[in-house]
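Visitor: Okay, so here is input_18.txt, and as you'll see once you scroll down, it has compact mmCIF, C-alpha atoms.
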# COMPACT_ATOMS: atom_id res chain seq x y z
CA MET A 25 -19.29 3.57 51.38
CA ASN A 26 -17.59 3.91 48.03
CA VAL A 27 -19.75 6.30 46.05
CA GLN A 28 -18.71 5.02 42.63
CA ASP A 29 -19.48 1.43 43.63
CA TYR A 30 -22.85 2.58 44.89
CA ILE A 31 -23.61 4.35 41.62
CA SER A 32 -22.64 1.24 39.62
CA SER A 33 -24.67 -1.15 41.74
CA GLY A 34 -27.93 -0.79 39.83
CA ILE A 35 -29.60 1.20 42.59
CA VAL A 36 -29.91 4.29 40.37
CA GLU A 37 -31.87 2.42 37.71
CA SER A 38 -33.81 0.56 40.35
CA TYR A 39 -34.93 3.81 42.00
CA VAL A 40 -35.86 5.58 38.79
CA LEU A 41 -37.81 2.59 37.48
CA GLY A 42 -39.75 2.27 40.73
CA LEU A 43 -38.21 -1.07 41.67
CA ALA A 44 -36.42 -0.06 44.86
CA SER A 45 -37.71 -1.06 48.28
CA PRO A 46 -38.76 1.68 50.72
CA GLU A 47 -35.48 1.26 52.63
CA GLU A 48 -33.46 1.45 49.43
CA GLN A 49 -35.42 4.55 48.39
CA ALA A 50 -34.73 6.33 51.66
CA GLU A 51 -31.04 5.52 51.46
CA PHE A 52 -30.87 6.62 47.82
CA GLU A 53 -32.57 9.93 48.54
CA SER A 54 -30.11 10.55 51.31
CA MET A 55 -27.20 9.72 49.02
CA CYS A 56 -28.56 12.09 46.38
CA SER A 57 -28.62 14.95 48.84
CA GLN A 58 -25.09 14.22 50.04
CA TYR A 59 -23.31 13.38 46.79
CA PRO A 60 -23.78 15.38 43.59
CA GLU A 61 -22.38 12.44 41.59
CA VAL A 62 -25.30 10.27 42.69
CA LEU A 63 -27.78 12.99 41.83
CA THR A 64 -26.15 13.50 38.43
CA ALA A 65 -26.28 9.75 37.75
CA ARG A 66 -29.98 9.74 38.65
CA THR A 67 -30.78 12.71 36.43
CA ASN A 68 -28.87 11.26 33.49
CA PHE A 69 -30.72 7.97 33.71
CA GLU A 70 -34.05 9.76 34.11
CA ILE A 71 -33.37 11.75 30.97
CA ALA A 72 -32.34 8.62 29.06
CA MET A 73 -35.58 6.87 30.08
CA GLU A 74 -37.59 9.96 29.19
CA HIS A 75 -36.02 10.12 25.72
CA GLN A 76 -36.66 6.43 25.24
CA ALA A 77 -40.34 6.86 26.08
CA MET A 78 -40.75 10.08 24.09
CA GLN A 79 -39.23 8.47 20.98
CA ASN A 80 -41.58 5.52 21.14
CA PRO A 81 -44.98 7.03 21.76
CA VAL A 82 -48.36 5.46 21.13
CA PRO A 83 -50.51 8.42 20.11
CA PRO A 84 -53.89 8.33 21.82
CA PRO A 85 -57.02 8.90 19.74
CA PRO A 86 -57.68 12.66 19.47
CA ALA A 87 -61.03 12.54 21.25
CA LEU A 88 -59.44 11.19 24.42
CA LYS A 89 -57.93 14.54 25.37
CA GLN A 90 -61.24 16.34 25.84
CA HIS A 91 -62.70 13.29 27.55
CA ILE A 92 -59.90 13.27 30.11
CA LYS A 93 -60.01 17.03 30.49
CA ASP A 94 -63.72 16.83 31.29
CA LEU A 95 -62.97 14.31 34.02
CA ILE A 96 -60.26 16.39 35.60
CA LEU A 97 -61.14 20.04 35.12
CA PRO A 98 -64.48 21.64 35.95
CA ALA A 99 -66.69 21.68 32.89
CA GLU A 100 -67.72 25.31 33.19
CA ALA A 101 -64.44 27.06 33.95
CA ARG A 102 -64.96 30.53 35.33
CA VAL A 103 -62.49 32.63 33.42
CA ILE A 104 -60.98 35.39 35.52
CA PRO A 105 -59.55 38.19 33.33
CA ILE A 106 -56.06 39.27 34.37
CA ASN A 107 -57.02 42.87 35.15
CA SER A 108 -60.11 42.23 37.23
CA PRO A 109 -60.16 43.16 40.92
CA GLU A 110 -60.46 39.47 41.79
CA SER A 111 -57.15 38.49 40.23
CA ALA A 112 -54.98 41.53 40.72
CA THR A 113 -53.82 42.28 44.22
CA ASN A 114 -52.43 45.72 43.55
CA VAL A 115 -53.82 47.24 46.71
CA ASN A 116 -52.40 44.50 48.92
CA TRP A 117 -49.08 44.65 47.08
CA LEU A 118 -48.64 48.31 47.78
CA LYS A 119 -49.61 47.86 51.40
CA TYR A 120 -47.02 45.12 51.91
CA ALA A 121 -44.41 46.89 49.85
CA ALA A 122 -44.76 49.92 52.07
CA ALA A 123 -44.68 47.82 55.22
CA ALA A 124 -41.69 45.83 54.02
CA CYS A 125 -39.72 48.88 52.97
CA ALA A 126 -40.41 50.63 56.24
CA VAL A 127 -39.41 47.58 58.22
CA LEU A 128 -36.25 46.90 56.25
CA LEU A 129 -35.12 50.50 56.35
CA ALA A 130 -35.68 50.74 60.09
CA GLY A 131 -32.64 48.64 60.95
CA SER A 132 -32.95 49.29 64.61
CA LEU A 133 -35.56 46.67 65.29
CA TYR A 134 -34.42 43.44 66.85
CA TRP A 135 -34.94 40.39 64.69
CA ASN A 136 -35.11 36.86 65.81
CA ILE A 137 -31.68 35.60 64.77
CA SER A 138 -32.71 31.98 65.13
CA GLN A 139 -34.82 32.50 62.03
CA TYR A 140 -31.57 32.39 60.10
CA ASN A 141 -31.34 28.69 59.68
CA ARG A 142 -27.78 27.43 59.45
CA ASN A 143 -28.87 24.17 57.95
CA LYS A 144 -26.42 23.63 55.10
CA LYS A 145 -28.19 21.90 52.28
CA LEU A 146 -25.94 20.90 49.43
CA GLN A 147 -26.40 22.92 46.32
CA VAL A 148 -26.49 20.99 43.11
CA SER A 149 -26.03 22.20 39.58
CA TYR A 150 -27.21 19.71 37.02
CA ASP A 151 -24.71 21.05 34.53
CA GLU A 152 -21.66 20.68 36.74
CA VAL A 153 -20.60 18.41 39.52
CA ALA A 154 -19.11 21.23 41.61
CA ARG A 155 -19.85 21.06 45.33
CA ASP A 156 -20.65 24.20 47.23
CA TYR A 157 -21.51 23.73 50.87
CA ASP A 158 -22.49 27.32 51.47
CA SER A 159 -25.47 27.50 49.22
CA MET A 160 -28.95 26.52 50.12
CA ALA A 161 -30.96 26.11 46.96
CA VAL A 162 -31.46 23.02 44.84
CA ARG A 163 -31.79 23.74 41.17
CA LEU A 164 -34.51 21.85 39.32
CA THR A 165 -34.43 20.77 35.70
CA GLY A 166 -37.51 20.42 33.57
CA VAL A 167 -38.63 23.94 34.45
CA GLU A 168 -41.72 23.98 32.24
CA ASP A 169 -42.84 20.63 33.66
CA GLU A 170 -42.57 21.86 37.21
CA ILE A 171 -44.37 25.11 36.49
CA ALA A 172 -47.23 23.17 34.89
CA MET A 173 -47.51 20.90 37.91
CA MET A 174 -47.42 23.79 40.34
CA THR A 175 -50.06 25.61 38.38
CA LEU A 176 -52.32 22.58 38.60
CA ASN A 177 -51.67 21.97 42.29
CA PRO A 178 -54.47 23.60 44.29
CA ASN A 179 -52.25 23.79 47.39
CA ILE A 180 -49.75 26.03 45.68
CA LYS A 181 -49.99 29.78 46.09
CA MET A 182 -48.09 32.14 43.83
CA ALA A 183 -46.36 35.42 44.59
CA ALA A 184 -45.43 37.35 41.47
CA MET A 185 -42.54 39.58 42.47
CA LYS A 186 -42.09 42.81 40.56
CA GLY A 187 -38.76 44.56 40.07
CA LEU A 188 -37.89 47.50 42.30
CA ALA A 189 -35.61 50.50 41.89
CA PRO A 190 -32.22 48.74 41.59
CA ALA A 191 -33.47 46.74 38.56
CA PRO A 192 -37.07 47.55 37.62
CA ALA A 193 -37.12 44.93 34.84
CA SER A 194 -36.54 42.16 37.36
CA LEU A 195 -39.12 39.42 37.52
CA ALA A 196 -39.33 36.41 39.76
CA THR A 197 -42.12 34.22 41.08
CA VAL A 198 -42.43 32.30 44.32
CA TYR A 199 -44.57 29.17 44.50
CA TRP A 200 -45.43 28.22 48.07
CA ASP A 201 -47.09 24.93 48.90
CA SER A 202 -49.46 25.71 51.77
CA THR A 203 -49.61 22.03 52.75
CA SER A 204 -45.99 20.89 52.54
CA LYS A 205 -44.58 24.39 53.16
CA ASP A 206 -42.16 23.89 50.27
CA VAL A 207 -40.93 27.03 48.55
CA TYR A 208 -39.95 27.23 44.90
CA LEU A 209 -38.40 30.26 43.27
CA LEU A 210 -38.68 30.89 39.55
CA VAL A 211 -36.24 33.52 38.35
CA ASN A 212 -37.43 34.97 35.07
CA ASN A 213 -35.14 37.96 35.08
CA LEU A 214 -32.55 39.11 37.60
CA PRO A 215 -29.28 40.82 36.76
CA ALA A 216 -26.22 38.66 37.39
CA PRO A 217 -24.79 39.79 40.73
CA PRO A 218 -21.17 40.91 41.28
CA SER A 219 -19.00 38.07 42.56
CA GLU A 220 -18.85 39.38 46.13
CA LYS A 221 -22.63 39.63 46.40
CA GLN A 222 -25.43 37.07 46.39
CA TYR A 223 -29.21 37.20 46.15
CA GLN A 224 -31.20 36.08 49.15
CA LEU A 225 -34.89 35.21 49.25
CA TRP A 226 -37.02 36.28 52.22
CA ALA A 227 -40.53 35.47 53.33
CA LEU A 228 -42.29 38.35 55.01
CA LEU A 229 -44.65 37.43 57.82
CA ASP A 230 -46.22 39.97 60.15
CA GLY A 231 -43.63 42.50 59.11
CA LYS A 232 -40.70 40.18 59.90
CA PRO A 233 -38.36 38.81 57.24
CA ILE A 234 -37.58 35.08 57.31
CA ASP A 235 -34.57 33.71 55.40
CA VAL A 236 -35.64 31.30 52.69
CA GLY A 237 -32.23 30.69 51.12
CA MET A 238 -29.56 31.93 48.76
CA ILE A 239 -29.24 31.85 44.98
CA ASP A 240 -25.87 30.56 43.84
CA ASN A 241 -24.07 32.96 41.50
CA ASP A 242 -23.07 30.08 39.21
CA PHE A 243 -26.71 29.74 38.22
CA PHE A 244 -26.46 33.03 36.36
CA VAL A 245 -23.90 31.65 33.89
CA ASP A 246 -26.49 30.52 31.37
CA GLN A 247 -29.43 32.71 30.52
CA LYS A 248 -32.10 30.08 31.01
CA LYS A 249 -35.06 30.41 33.34
CA LEU A 250 -34.07 29.28 36.79
CA LEU A 251 -36.23 27.18 39.09
CA LEU A 252 -34.96 26.55 42.60
CA ARG A 253 -36.25 24.67 45.59
CA MET A 254 -35.63 26.93 48.56
CA LYS A 255 -36.01 26.45 52.30
CA ASN A 256 -39.43 25.75 53.71
CA VAL A 257 -41.42 28.44 55.44
CA GLY A 258 -44.45 27.88 57.66
CA GLY A 259 -46.31 30.97 56.60
CA ALA A 260 -45.84 34.09 54.53
CA GLN A 261 -47.70 37.15 53.38
CA ALA A 262 -45.11 38.32 50.87
CA PHE A 263 -41.72 37.43 49.45
CA ALA A 264 -38.72 39.58 48.59
CA ILE A 265 -35.26 39.19 47.10
CA THR A 266 -32.40 41.33 48.40
CA LEU A 267 -28.78 41.51 47.31
CA GLU A 268 -26.53 40.67 50.24
CA ASP A 269 -22.84 39.98 50.74
CA LYS A 270 -21.82 36.52 49.56
CA GLY A 271 -22.95 33.93 52.05
CA GLY A 272 -26.02 35.87 53.01
CA SER A 273 -27.15 37.69 56.09
CA PRO A 274 -29.31 36.81 59.10
CA THR A 275 -31.42 39.85 58.39
CA PRO A 276 -31.92 41.78 55.17
CA LYS A 277 -29.31 44.52 54.84
CA GLY A 278 -28.86 44.96 51.11
CA PRO A 279 -31.09 46.58 48.50
CA MET A 280 -34.40 44.89 47.67
CA TYR A 281 -34.67 43.83 44.06
CA THR A 282 -38.08 42.20 43.91
CA LEU A 283 -41.16 42.11 46.08
CA GLY A 284 -44.56 40.54 45.76
CA ASN A 285 -47.32 39.33 47.99
CA LEU A 286 -48.85 35.91 48.15
CA MET B 14 -58.77 28.59 35.21
CA GLN B 15 -57.13 29.63 31.96
CA ARG B 16 -53.76 28.80 33.50
CA THR B 17 -54.98 25.39 34.61
CA ASP B 18 -56.33 24.69 31.15
CA HIS B 19 -53.02 25.70 29.63
CA SER B 20 -51.04 23.55 32.04
CA PHE B 21 -53.22 20.50 31.44
CA SER B 22 -52.78 20.89 27.69
CA TYR B 23 -49.04 21.29 28.12
CA LEU B 24 -48.78 18.04 30.07
CA TYR B 25 -51.19 16.08 27.90
CA ASP B 26 -49.80 17.24 24.56
CA ASN B 27 -46.23 16.58 25.60
CA TYR B 28 -46.57 13.35 27.49
CA SER B 29 -49.74 11.42 26.70
CA GLY B 30 -48.11 9.57 23.78
CA ALA B 31 -45.06 8.59 25.78
CA LEU B 32 -47.21 7.46 28.72
CA LEU B 33 -49.50 5.43 26.49
CA GLY B 34 -46.35 3.82 25.08
CA VAL B 35 -45.28 2.83 28.61
CA ILE B 36 -48.75 1.48 29.36
CA SER B 37 -48.98 -0.42 26.06
CA ALA B 38 -45.78 -2.29 26.81
CA ILE B 39 -47.60 -3.78 29.80
CA VAL B 40 -51.22 -3.90 28.64
CA SER B 41 -51.51 -5.41 25.19
CA ASP B 42 -55.14 -4.56 24.50
CA HIS B 43 -55.36 -1.08 22.92
CA GLU B 44 -58.74 -0.20 24.38
CA ILE B 45 -57.79 -1.25 27.89
CA ALA B 46 -54.49 0.62 27.54
CA ARG B 47 -56.44 3.79 26.77
CA ASP B 48 -58.63 3.25 29.82
CA VAL B 49 -55.47 3.00 31.87
CA LEU B 50 -54.16 6.25 30.34
CA GLN B 51 -57.33 7.95 31.47
CA GLU B 52 -56.89 6.53 35.00
CA VAL B 53 -53.29 7.71 34.94
CA PHE B 54 -54.21 11.33 34.23
CA VAL B 55 -56.86 11.21 36.94
CA ASN B 56 -54.25 9.77 39.33
CA ILE B 57 -51.72 12.43 38.39
CA TRP B 58 -54.32 15.06 39.12
CA ARG B 59 -55.31 13.43 42.39
CA LYS B 60 -51.78 12.79 43.67
CA ILE B 61 -50.31 16.06 42.51
CA GLY B 62 -49.48 17.11 46.06
CA SER B 63 -47.25 14.08 46.55
CA TYR B 64 -44.92 14.83 43.66
CA ASP B 65 -41.61 16.14 45.01
CA PRO B 66 -39.39 17.61 42.28
CA VAL B 67 -36.27 17.19 44.41
CA LYS B 68 -36.75 13.41 44.24
CA GLY B 69 -36.87 13.28 40.47
CA ARG B 70 -38.13 14.69 37.21
CA LEU B 71 -41.81 14.99 36.51
CA PHE B 72 -41.72 12.46 33.71
CA THR B 73 -40.14 9.85 35.98
CA TRP B 74 -42.97 10.33 38.44
CA MET B 75 -45.66 10.17 35.75
CA MET B 76 -44.02 7.13 34.17
CA ASN B 77 -44.18 5.33 37.50
CA VAL B 78 -47.81 6.33 38.02
CA ALA B 79 -48.48 4.89 34.54
CA ARG B 80 -46.54 1.70 35.16
CA ASN B 81 -48.26 1.10 38.51
CA ALA B 82 -51.70 1.68 37.01
CA ALA B 83 -50.93 -0.69 34.12
CA ILE B 84 -49.69 -3.40 36.48
CA ASP B 85 -52.73 -2.99 38.72
CA LYS B 86 -54.86 -3.46 35.62
CA ILE B 87 -53.17 -6.67 34.50
CA ARG B 88 -53.33 -8.04 38.03
CA SER B 89 -57.04 -7.30 38.26
CA LYS B 90 -59.44 -10.19 38.27
CA GLY B 91 -61.30 -8.97 35.21
CA TYR B 92 -58.16 -8.83 33.13
CA GLN B 93 -56.86 -12.17 34.34
CA ASP B 94 -60.18 -13.78 33.48
CA SER B 95 -60.12 -12.29 30.00
CA LEU B 96 -56.61 -13.68 29.44
CA LYS B 97 -57.81 -17.20 30.08
CA ASN B 98 -60.01 -16.88 27.05
CA GLN B 99 -57.08 -15.96 24.83
CA SER B 100 -54.73 -18.45 23.21
CA ILE B 101 -51.18 -18.42 24.53
CA PRO B 102 -48.57 -17.07 22.05
CA ASP B 103 -46.34 -19.70 20.45
CA ASN B 104 -43.16 -18.27 21.88
CA ALA B 105 -44.43 -18.17 25.45
CA ASP B 106 -41.99 -19.56 27.95
CA SER B 107 -44.03 -22.20 29.66
CA ALA B 108 -41.90 -22.00 32.77
CA VAL B 109 -42.85 -18.36 33.24
CA ILE B 110 -46.39 -17.49 34.14
CA SER B 111 -47.13 -14.37 32.19
CA ARG B 112 -49.70 -12.02 33.62
CA SER B 113 -49.69 -9.81 30.63
CA ALA B 114 -49.19 -12.07 27.63
CA THR B 115 -46.84 -9.40 26.32
CA LEU B 116 -43.42 -11.03 26.51
CA PRO B 117 -40.69 -8.90 24.90
CA GLN B 118 -40.28 -9.64 21.22
CA VAL B 119 -37.97 -8.33 18.53
CA THR B 120 -40.89 -6.43 17.02
CA ASP B 121 -41.21 -4.35 20.18
CA THR B 122 -39.98 -0.82 20.22
CA GLY B 123 -38.16 1.25 22.76
CA LEU B 124 -37.22 -0.15 26.10
CA LYS B 125 -38.78 -3.55 25.49
CA LYS B 126 -36.75 -4.02 22.33
CA VAL B 127 -33.62 -3.13 24.24
CA LEU B 128 -34.47 -5.90 26.67
CA THR B 129 -34.23 -8.55 23.98
CA LYS B 130 -30.49 -7.92 23.91
CA LEU B 131 -30.09 -9.08 27.48
CA LYS B 132 -29.15 -12.62 28.42
CA GLU B 133 -32.24 -14.77 28.95
CA GLU B 134 -31.83 -15.07 32.71
CA HIS B 135 -31.63 -11.28 33.00
CA ARG B 136 -34.36 -10.53 30.50
CA VAL B 137 -36.85 -12.73 32.27
CA LEU B 138 -36.25 -11.06 35.61
CA ILE B 139 -36.65 -7.53 34.23
CA ASP B 140 -39.76 -8.61 32.44
CA MET B 141 -41.25 -10.18 35.54
CA SER B 142 -40.34 -7.37 37.92
CA TYR B 143 -40.74 -4.31 35.74
CA TYR B 144 -43.37 -5.28 33.18
CA GLN B 145 -45.41 -7.64 35.27
CA GLY B 146 -44.96 -6.27 38.76
CA TYR B 147 -43.92 -9.48 40.50
CA THR B 148 -42.13 -8.98 43.80
CA HIS B 149 -38.73 -10.56 44.40
CA ASP B 150 -40.37 -13.15 46.66
CA GLU B 151 -42.87 -14.10 43.99
CA ILE B 152 -40.16 -14.37 41.34
CA ALA B 153 -38.01 -16.54 43.60
CA LYS B 154 -40.92 -18.91 44.16
CA ILE B 155 -42.04 -19.06 40.53
CA LEU B 156 -38.58 -19.62 39.10
CA ASP B 157 -37.42 -21.68 42.06
CA ILE B 158 -34.25 -19.69 42.59
CA PRO B 159 -32.87 -18.13 45.79
CA LEU B 160 -34.18 -14.68 46.75
CA GLY B 161 -30.66 -13.26 46.86
CA THR B 162 -30.05 -14.45 43.30
CA VAL B 163 -33.19 -12.63 42.15
CA LYS B 164 -31.99 -9.39 43.59
CA THR B 165 -28.41 -9.55 42.31
CA ARG B 166 -29.51 -10.62 38.84
CA ILE B 167 -32.01 -7.78 38.61
CA ARG B 168 -29.37 -5.31 39.70
CA SER B 169 -26.95 -6.73 37.14
CA ALA B 170 -29.58 -6.50 34.42
CA LEU B 171 -30.33 -2.91 35.33
CA THR B 172 -26.70 -1.82 35.12
CA GLN B 173 -26.51 -3.38 31.67
CA LEU B 174 -29.69 -1.57 30.73
CA ARG B 175 -28.16 1.77 31.56
CA THR B 176 -25.38 1.39 29.03
CA MET B 177 -27.82 0.11 26.43
CA ILE B 178 -30.29 2.97 26.49
CA LYS B 179 -27.89 5.90 26.59
Can you present the structure in this file as structure tokens?
Guide:
Amino acid sequence: MNVQDYISSGIVESYVLGLASPEEQAEFESMCSQYPEVLTARTNFEIAMEHQAMQNPVPPPPALKQHIKDLILPAEARVIPINSPESATNVNWLKYAAAACAVLLAGSLYWNISQYNRNKKLQVSYDEVARDYDSMAVRLTGVEDEIAMMTLNPNIKMAAMKGLAPAPASLATVYWDSTSKDVYLLVNNLPAPPSEKQYQLWALLDGKPIDVGMIDNDFFVDQKKLLLRMKNVGGAQAFAITLEDKGGSPTPKGPMYTLGNL
Amino acid sequence: MQRTDHSFSYLYDNYSGALLGVISAIVSDHEIARDVLQEVFVNIWRKIGSYDPVKGRLFTWMMNVARNAAIDKIRSKGYQDSLKNQSIPDNADSAVISRSATLPQVTDTGLKKVLTKLKEEHRVLIDMSYYQGYTHDEIAKILDIPLGTVKTRIRSALTQLRTMIK
């Protein structure tokens, strides 16, 4: 199939506007994952439609907001202060940090190599059309939108990862959907890695690390917040980011930069 | 709960106007359009687990939730009955059965205004499929044209649309 012909056929607009049949949708989604040009065309049209709609709003009457909020959110919200024992999981964090460090330093334990999934998902940068078959993560645009949605989604659990010795100011967050098993990584602050190294995200389950994907070094070019869709994981107690050789490793070998429990 | 509150406000403040604009292009009555906006936010909340960011941006997803809710509303018996009590606009194309009584006009804004630049045969098909929710089969029957023609004309109209809204 000629990709340019496909892009010019009207399927992109059809899909974005919700006019495509289920078969056409499935085919389009497959094309998007295989060809960055198709994905770029979709994103560009989505943004154009979004601008169009945002520039022609019909402001709702002010009272409607509270009315809708009352329908959706519980009326008497129980506010949990950030430092209360209910919200902070400091004790658990230390316990898992200790367990994770001990396990990762051990080195002599045998890990299940099949956990290292060689499924090569195409990495896509919305700013460039470069193709990189070795990377695993899909970068998402509209970061604030996605964070808002994940915050509202009751199935999503968050792991706030704090920076460790190599870069104590590091900050990253994992959002894990307990129903779909999707994993999203929000990178607030991580130092740009040297070109021969690459960050790798791990899920920690019962003391064992599970590869959840790589972060492409190109993503560190701009300083914006980074939101990535990583590989799925069935279950996790904590998440960690290590710095490995480029291309990653079946088991964590490099220094751990961030760690946090779910 | 504070985070949820904050996230709801973020979404509502940023997007409620744009979504009501999308709805209003389909549902002409202001009050009913607002009812639909309310339904849309409830739907967004309810279907939150089904939104997959890899398949598209959040606004695209919300826009489609809004469009589907608006079309469901204009297809509903109550709305159809209320239309029968209204007089038909002078410029209505009698060959096209309009569910919504909101045919694109030059006074429209945004996407609908862009549509007026299309050739008639293309404009009608976009209007019927996008703004009124008719299936290809239904359009083929109503306009008495082959099903294949419906599909190729819609595709052609959509490719033109892309260059027009850049």
Visitor: Distance limit 8 Å, atoms considered: only C-alpha atoms. Which chain A residues sit that close to chain B? Return them as a ChimeraX atom specification.
Guide: /A:32-35,37-38,40-43,53,66-67,69-70,72-74,76-84,89,92-93,95-97,101-104,162,164-166,169-170,172-173,175-177,179,253
Visitor: Around (-43.8, 30.2, 46.9), as given in the file, which residues come within 10 Å? Count all atoms listed in the file and list them as an MDAnalysis selection string.
Guide: chainID A and resid 174 180:184 197:202 205:210 227 253:254 256:257 260 262:263 285:286
Visitor: So how far away is CA of Val167 (chain A) from CA of Leu195 (chain A), in Å?
Guide: 15.8 Å
Visitor: If you count all atoms listed in the file, which residues fall within 6 Å of Leu188 (chain A), apart from same-chain ones fewer than 2 positions away, as a compact mmCIF listing (two decimals) with C-alpha atoms, keeping the file's coordinate frame?
Guide:
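Output (part24.txt):
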# COMPACT_ATOMS: atom_id res chain seq x y z
CA PRO A 190 -32.22 48.74 41.59
CA ALA A 191 -33.47 46.74 38.56
CA PRO A 192 -37.07 47.55 37.62
CA TYR A 281 -34.67 43.83 44.06
CA THR A 282 -38.08 42.20 43.91
Visitor: For Glu151 (chain B), find every residue with an atom within 12 Å (counting all atoms listed in the file), except residues of its own chain fewer than 2 positions away, and show them as a list in words.
Guide: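 What passes the distance filter is Val109, Ile110, Leu138, Met141, Ser142, Gln145, Gly146, Tyr147, Thr148, His149, Ala153, Lys154, Ile155, Leu156, Asp157, Ile158, Pro159, Leu160, Val163 and Lys164 of chain B.
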Visitor: Please save C-alpha atoms of the selected residues as an mmCIF file, in the coordinates of the input.
Guide:
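Output (selection_1.cif):
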data_model
loop_
_atom_site.group_PDB
_atom_site.id
_atom_site.type_symbol
_atom_site.label_atom_id
_atom_site.label_comp_id
_atom_site.auth_asym_id
_atom_site.auth_seq_id
_atom_site.Cartn_x
_atom_site.Cartn_y
_atom_site.Cartn_z
ATOM 1 C CA VAL B 109 -42.850 -18.360 33.240
ATOM 2 C CA ILE B 110 -46.390 -17.490 34.140
ATOM 3 C CA LEU B 138 -36.250 -11.060 35.610
ATOM 4 C CA MET B 141 -41.250 -10.180 35.540
ATOM 5 C CA SER B 142 -40.340 -7.370 37.920
ATOM 6 C CA GLN B 145 -45.410 -7.640 35.270
ATOM 7 C CA GLY B 146 -44.960 -6.270 38.760
ATOM 8 C CA TYR B 147 -43.920 -9.480 40.500
ATOM 9 C CA THR B 148 -42.130 -8.980 43.800
ATOM 10 C CA HIS B 149 -38.730 -10.560 44.400
ATOM 11 C CA ALA B 153 -38.010 -16.540 43.600
ATOM 12 C CA LYS B 154 -40.920 -18.910 44.160
ATOM 13 C CA ILE B 155 -42.040 -19.060 40.530
ATOM 14 C CA LEU B 156 -38.580 -19.620 39.100
ATOM 15 C CA ASP B 157 -37.420 -21.680 42.060
ATOM 16 C CA ILE B 158 -34.250 -19.690 42.590
ATOM 17 C CA PRO B 159 -32.870 -18.130 45.790
ATOM 18 C CA LEU B 160 -34.180 -14.680 46.750
ATOM 19 C CA VAL B 163 -33.190 -12.630 42.150
ATOM 20 C CA LYS B 164 -31.990 -9.390 43.590
#
Visitor: Give me the residues within 6 Å of Gly237 (chain A) as a list in words, counting only C-alpha atoms and dropping any in the same chain fewer than 3 places off.
Guide: Met160, Gln224, Leu225, Met254 and Lys255 of chain A
Visitor: Could you please determine the separation between CA of Ala264 (chain A) and CA of Asp246 (chain A) in Å, to one decimal place?
Guide: 23.0 Å
Visitor: Expressed in Å to a single decimal, how great is the separation between CA of Leu96 (chain B) and CA of Ala83 (chain B)?
Guide: 14.9 Å
Visitor: Using all atoms listed in the file, which residue out of A:Leu214, A:Met238, A:Cys56, A:Val245 lies closest to Gly272 (chain A)?
Guide: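 Checking each of A:Leu214, A:Met238, A:Cys56, A:Val245 against Gly272 (chain A), counting all atoms listed in the file, the winner is A:Met238.
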